[in-house]
>>> print(open('work27.pdb').read())   # PDB, C-alpha atoms
ATOM      1  CA  MET A 489      -1.381 -15.854   2.520
ATOM      2  CA  GLU A 490      -3.318 -15.297  -0.664
ATOM      3  CA  ALA A 491      -2.270 -15.715  -4.277
ATOM      4  CA  SER A 492      -4.504 -14.442  -7.053
ATOM      5  CA  LEU A 493      -4.499 -14.130 -10.803
ATOM      6  CA  GLU A 494      -6.654 -11.591 -12.628
ATOM      7  CA  ILE A 495      -7.088 -11.801 -16.389
ATOM      8  CA  GLY A 496      -8.659  -9.273 -18.703
ATOM      9  CA  GLY A 497      -9.433  -9.615 -22.382
ATOM     10  CA  GLY A 498      -8.094 -12.582 -24.307
ATOM     11  CA  PRO A 499     -10.524 -15.481 -23.950
ATOM     12  CA  LEU A 500     -12.829 -13.195 -21.933
ATOM     13  CA  LEU A 501     -13.313 -10.927 -24.993
ATOM     14  CA  GLY A 502     -12.409  -7.635 -23.280
ATOM     15  CA  SER A 503     -11.025  -4.664 -25.181
ATOM     16  CA  LEU A 504      -7.650  -4.848 -23.343
ATOM     17  CA  ASP A 505      -5.585  -7.998 -22.840
ATOM     18  CA  TRP A 506      -3.804  -8.062 -19.472
ATOM     19  CA  VAL A 507      -2.815 -10.430 -16.671
ATOM     20  CA  ARG A 508      -2.144  -9.543 -13.006
ATOM     21  CA  PRO A 509      -0.605 -12.102 -10.590
ATOM     22  CA  THR A 510      -0.556 -10.992  -6.934
ATOM     23  CA  LEU A 511       0.863 -12.471  -3.741
ATOM     24  CA  ASP A 512      -0.408 -11.042  -0.455
ATOM     25  CA  ALA A 513       0.689 -12.278   2.977
ATOM     26  CA  SER A 514      -0.113 -11.239   6.550
ATOM     27  CA  ARG A 515       1.044 -12.719   9.832
ATOM     28  CA  TYR A 516       0.223 -11.699  13.408
ATOM     29  CA  PHE A 517       2.125 -12.625  16.541
ATOM     30  CA  THR A 518       0.939 -12.159  20.114
ATOM     31  CA  VAL A 519       4.043 -10.802  21.831
ATOM     32  CA  VAL A 520       2.577 -10.186  25.304
ATOM     33  CA  LYS A 521      -0.718 -11.281  26.889
ATOM     34  CA  LEU A 522      -1.891  -8.987  29.655
ATOM     35  CA  ALA A 523      -3.810 -10.070  32.761
ATOM     36  CA  ASN A 524      -6.869  -8.063  31.652
ATOM     37  CA  GLY A 525      -7.027  -9.970  28.346
ATOM     38  CA  GLY A 526      -5.300  -7.335  26.218
ATOM     39  CA  LYS A 527      -2.505  -8.259  23.838
ATOM     40  CA  HIS A 528       0.608  -6.682  22.373
ATOM     41  CA  ILE A 529       0.516  -7.685  18.697
ATOM     42  CA  LEU A 530       3.226  -7.643  16.053
ATOM     43  CA  GLY A 531       1.728  -7.556  12.562
ATOM     44  CA  LEU A 532       3.617  -8.210   9.331
ATOM     45  CA  HIS A 533       2.082  -7.611   5.909
ATOM     46  CA  GLY A 534       3.489  -7.724   2.392
ATOM     47  CA  THR A 535       2.186  -7.519  -1.163
ATOM     48  CA  ALA A 536       3.967  -8.165  -4.456
ATOM     49  CA  SER A 537       2.146  -7.733  -7.749
ATOM     50  CA  MET A 538       2.673  -7.016 -11.415
ATOM     51  CA  VAL A 539       0.538  -6.414 -14.493
ATOM     52  CA  GLU A 540       1.470  -7.235 -18.092
ATOM     53  CA  SER A 541      -0.247  -6.915 -21.429
ATOM     54  CA  TYR A 542      -0.517  -9.808 -23.876
ATOM     55  CA  TRP A 543      -1.950 -10.727 -27.291
ATOM     56  CA  GLY A 544      -3.342  -7.636 -29.008
ATOM     57  CA  THR A 545      -2.589  -5.036 -26.319
ATOM     58  CA  ASP A 546       0.723  -3.211 -26.799
ATOM     59  CA  GLU A 547       0.995  -1.620 -23.359
ATOM     60  CA  VAL A 548      -0.794  -1.626 -20.009
ATOM     61  CA  PRO A 549      -2.876   1.574 -19.688
ATOM     62  CA  PRO A 550      -2.417   3.806 -16.601
ATOM     63  CA  SER A 551      -5.831   2.786 -15.251
ATOM     64  CA  LEU A 552      -4.500  -0.767 -14.666
ATOM     65  CA  ARG A 553      -1.078   0.242 -13.297
ATOM     66  CA  TYR A 554       0.099   0.582  -9.710
ATOM     67  CA  PHE A 555       0.309   3.739  -7.647
ATOM     68  CA  ALA A 556       1.469   3.497  -4.016
ATOM     69  CA  GLY A 557       1.019   5.974  -1.195
ATOM     70  CA  GLY A 558      -1.632   6.351   1.477
ATOM     71  CA  ILE A 559      -3.036   4.124   4.207
ATOM     72  CA  GLY A 560      -3.260   0.921   2.159
ATOM     73  CA  THR A 561       0.341   0.964   0.939
ATOM     74  CA  LEU A 562       2.793   3.639   2.154
ATOM     75  CA  ARG A 563       1.589   5.898   4.940
ATOM     76  CA  GLY A 564       3.488   9.183   5.011
ATOM     77  CA  PHE A 565       3.038   9.650   1.252
ATOM     78  CA  GLN A 566       0.030  11.222  -0.439
ATOM     79  CA  ASN A 567      -2.485   8.764  -1.850
ATOM     80  CA  ARG A 568      -1.388   7.208  -5.187
ATOM     81  CA  THR A 569       1.665   9.475  -5.685
ATOM     82  CA  VAL A 570       4.531   6.957  -5.476
ATOM     83  CA  ALA A 571       4.803   5.930  -9.133
ATOM     84  CA  PRO A 572       6.818   6.666 -12.268
ATOM     85  CA  LEU A 573       6.367  10.112 -13.801
ATOM     86  CA  GLU A 574       6.428  10.911 -17.506
ATOM     87  CA  GLY A 575       6.527  14.577 -18.492
ATOM     88  CA  GLY A 576       5.451  15.549 -14.960
ATOM     89  CA  TYR A 577       2.385  13.257 -14.954
ATOM     90  CA  LEU A 578       1.985  10.137 -12.806
ATOM     91  CA  ILE A 579       1.698   7.195 -15.212
ATOM     92  CA  GLY A 580       1.979   4.323 -12.744
ATOM     93  CA  GLY A 581       4.184   1.278 -12.767
ATOM     94  CA  LYS A 582       3.677  -2.300 -13.852
ATOM     95  CA  LYS A 583       5.302  -3.747 -10.733
ATOM     96  CA  MET A 584       4.784  -3.035  -7.020
ATOM     97  CA  VAL A 585       6.147  -4.378  -3.740
ATOM     98  CA  VAL A 586       5.015  -2.984  -0.367
ATOM     99  CA  GLY A 587       5.401  -4.191   3.196
ATOM    100  CA  THR A 588       4.526  -3.164   6.738
ATOM    101  CA  VAL A 589       5.725  -3.984  10.226
ATOM    102  CA  GLU A 590       3.335  -2.742  12.936
ATOM    103  CA  TYR A 591       3.413  -3.193  16.712
ATOM    104  CA  SER A 592       0.180  -2.419  18.567
ATOM    105  CA  VAL A 593      -0.713  -2.246  22.254
ATOM    106  CA  PRO A 594      -4.014  -1.740  24.094
ATOM    107  CA  PHE A 595      -4.433   1.636  25.825
ATOM    108  CA  TYR A 596      -7.920   1.009  27.153
ATOM    109  CA  GLU A 597      -8.976  -2.632  27.046
ATOM    110  CA  GLU A 598      -9.350  -3.509  23.337
ATOM    111  CA  ILE A 599     -11.377  -0.357  22.647
ATOM    112  CA  VAL A 600      -8.399   1.989  22.188
ATOM    113  CA  ARG A 601      -5.137   0.697  20.716
ATOM    114  CA  GLY A 602      -1.916   2.498  19.897
ATOM    115  CA  SER A 603       0.639   1.395  17.334
ATOM    116  CA  VAL A 604       4.002   2.179  15.810
ATOM    117  CA  PHE A 605       4.774   1.148  12.250
ATOM    118  CA  LEU A 606       7.310   1.061   9.463
ATOM    119  CA  ASP A 607       6.126   0.918   5.819
ATOM    120  CA  ALA A 608       8.420   0.283   2.844
ATOM    121  CA  GLY A 609       7.877  -0.312  -0.845
ATOM    122  CA  GLN A 610       8.339   0.733  -4.420
ATOM    123  CA  VAL A 611       6.528   0.959  -7.759
ATOM    124  CA  TRP A 612       8.528   0.600 -10.966
ATOM    125  CA  ASP A 613       8.568  -0.405 -14.647
ATOM    126  CA  ALA A 614       6.878   2.323 -16.654
ATOM    127  CA  GLY A 615       6.936   0.099 -19.744
ATOM    128  CA  GLU A 616       6.825   1.703 -23.223
ATOM    129  CA  THR A 617       6.748   5.476 -22.903
ATOM    130  CA  ASP A 618       6.691   8.396 -25.300
ATOM    131  CA  ARG A 619      10.155   8.933 -26.764
ATOM    132  CA  GLY A 620      10.007  12.689 -26.186
ATOM    133  CA  TYR A 621       9.706  12.328 -22.417
ATOM    134  CA  THR A 622      11.991  11.115 -19.681
ATOM    135  CA  VAL A 623      10.573   8.811 -17.027
ATOM    136  CA  THR A 624      11.428   9.986 -13.501
ATOM    137  CA  ASN A 625      10.561   8.968  -9.937
ATOM    138  CA  GLU A 626      10.774   5.318 -10.990
ATOM    139  CA  SER A 627      13.508   3.714  -8.974
ATOM    140  CA  GLY A 628      14.263   3.242  -5.343
ATOM    141  CA  TRP A 629      12.586   2.112  -2.193
ATOM    142  CA  ARG A 630      10.419   4.469  -0.169
ATOM    143  CA  MET A 631      10.062   4.163   3.588
ATOM    144  CA  SER A 632       7.929   5.804   6.256
ATOM    145  CA  ALA A 633       7.398   5.425   9.982
ATOM    146  CA  GLY A 634       4.918   6.723  12.489
ATOM    147  CA  PHE A 635       2.347   5.968  15.118
ATOM    148  CA  GLY A 636      -1.369   5.404  15.108
ATOM    149  CA  LEU A 637      -4.464   5.295  17.263
ATOM    150  CA  SER A 638      -7.379   2.905  16.688
ATOM    151  CA  ILE A 639     -10.707   3.462  18.472
ATOM    152  CA  ARG A 640     -13.636   1.026  18.387
ATOM    153  CA  THR A 641     -16.978   2.724  18.923
ATOM    154  CA  PRO A 642     -20.228   1.160  20.130
ATOM    155  CA  PHE A 643     -21.827   2.302  16.852
ATOM    156  CA  SER A 644     -19.665   0.170  14.571
ATOM    157  CA  PRO A 645     -17.396  -2.870  14.842
ATOM    158  CA  LEU A 646     -14.961  -1.111  12.481
ATOM    159  CA  PRO A 647     -12.421   1.077  14.264
ATOM    160  CA  ILE A 648     -11.687   4.721  13.584
ATOM    161  CA  ARG A 649      -7.980   4.938  12.781
ATOM    162  CA  ILE A 650      -5.683   7.967  12.831
ATOM    163  CA  TYR A 651      -2.034   7.759  11.748
ATOM    164  CA  VAL A 652       0.731  10.334  12.065
ATOM    165  CA  SER A 653       3.647   9.437   9.824
ATOM    166  CA  ARG A 654       6.807  10.762   8.253
ATOM    167  CA  ALA A 655       8.518   9.753   5.025
ATOM    168  CA  LEU A 656      12.028   8.565   5.925
ATOM    169  CA  VAL A 657      13.272   7.601   2.451
ATOM    170  CA  ARG A 658      11.803   9.481  -0.492
ATOM    171  CA  ASN A 659      12.581  10.791  -3.965
ATOM    172  CA  ASP A 660      12.573  14.483  -4.856
ATOM    173  CA  ASP A 661       9.293  14.160  -6.807
ATOM    174  CA  ASP A 662       7.396  12.364  -4.015
ATOM    175  CA  ARG A 663       4.528  14.137  -2.269
ATOM    176  CA  THR A 664       4.312  13.475   1.460
ATOM    177  CA  LYS A 665       1.497  13.598   3.974
ATOM    178  CA  THR A 666       1.615  13.632   7.770
ATOM    179  CA  VAL A 667      -1.888  12.657   8.970
ATOM    180  CA  ASP A 668      -4.190   9.899   7.679
ATOM    181  CA  PHE A 669      -7.697   9.151   8.936
ATOM    182  CA  THR A 670      -9.984   6.246   8.061
ATOM    183  CA  PHE A 671     -12.580   3.714   9.203
ATOM    184  CA  GLY A 672     -11.819  -0.003   9.047
ATOM    185  CA  THR A 673      -9.083  -2.528   9.683
ATOM    186  CA  ARG A 674      -5.501  -2.163   8.457
ATOM    187  CA  PHE A 675      -4.994  -5.596   6.844
TER     188      PHE A 675
END
>>> encode(input="work27.pdb", output="structure tokens")
Amino acid sequence: MEASLEIGGGPLLGSLDWVRPTLDASRYFTVVKLANGGKHILGLHGTASMVESYWGTDEVPPSLRYFAGGIGTLRGFQNRTVAPLEGGYLIGGKKMVVGTVEYSVPFYEEIVRGSVFLDAGQVWDAGETDRGYTVTNESGWRMSAGFGLSIRTPFSPLPIRIYVSRALVRNDDDRTKTVDFTFGTRF
């Protein structure tokens, strides 16, 4: 588990005054140990975070807000597209909660692993917006499920990961994605 607090501006003399507390937790459980040394692993991961302005800054700019979607948050949704919309433009939210449950098994020793997963989360609180626009796509949980393949190569200790996913719970304005590909660990 990790708790962090980021501060911008204020006593640090930045041009924007903001604060961002974050709580991030991961837990892994070995469900089955195989005779060849392989393991079935259940992984749980969750993140909750918010950002607020203070002192001389009226509102948190979009560059500091949250946007979910993609491998790091909600697989099955396009990268950074789960967020409040204002006038058809993604403006981000000031609060985000995302979580993952993933079960992985070895297919070939620990070199090739397969997994099934369920991701859920939401981004909300558009803050002060222009009065002429309506904020949409702000409320409600999103959820996706799918399966993945992780391959460790002799060239790098970081695995190549491919995920095939489907958005199970989505809003009308959400943009979905079926296949994700990356190098590195999940969490």
>>> axis_aligned_box(input="work27.pdb", around="stretch 535-544 of chain A", padding_each_side="4 Å", output="lines of an AutoDock Vina configuration file")
center_x = 0.3
center_y = -8.6
center_z = -15.1
size_x = 15.3
size_y = 12.3
size_z = 35.8
>>> resolve_selection(input="work27.pdb", expression="the PyMOL selection byres ((chain A and resi 560-574) around 7)", output="NGL selection string")
:A and (555-559 or 575-581 or 586 or 607-608 or 611-612 or 614 or 621-626 or 632 or 653-655 or 662-666)
>>> closest_residue(input="work27.pdb", among="A:Trp543, A:Pro642, A:Gly634, A:Ala523", to="A:Gly502", atoms="only C-alpha atoms")
A:Trp543
>>> resolve_selection(input="work27.pdb", expression="the PyMOL selection byres ((chain A and resi 495) around 7)", output="list in words")
Leu493, Glu494, Gly496, Gly497, Trp506, Val507 and Arg508 of chain A
>>> closest_residue(input="work27.pdb", among="A:Met489, A:Leu501, A:Ile650, A:Met631", to="A:His533", atoms="only C-alpha atoms")
A:Met489
>>> closest_residue(input="work27.pdb", among="A:Thr617, A:Gln610, A:Asn524, A:Thr545", to="A:Phe595", atoms="all atoms listed in the file")
A:Asn524
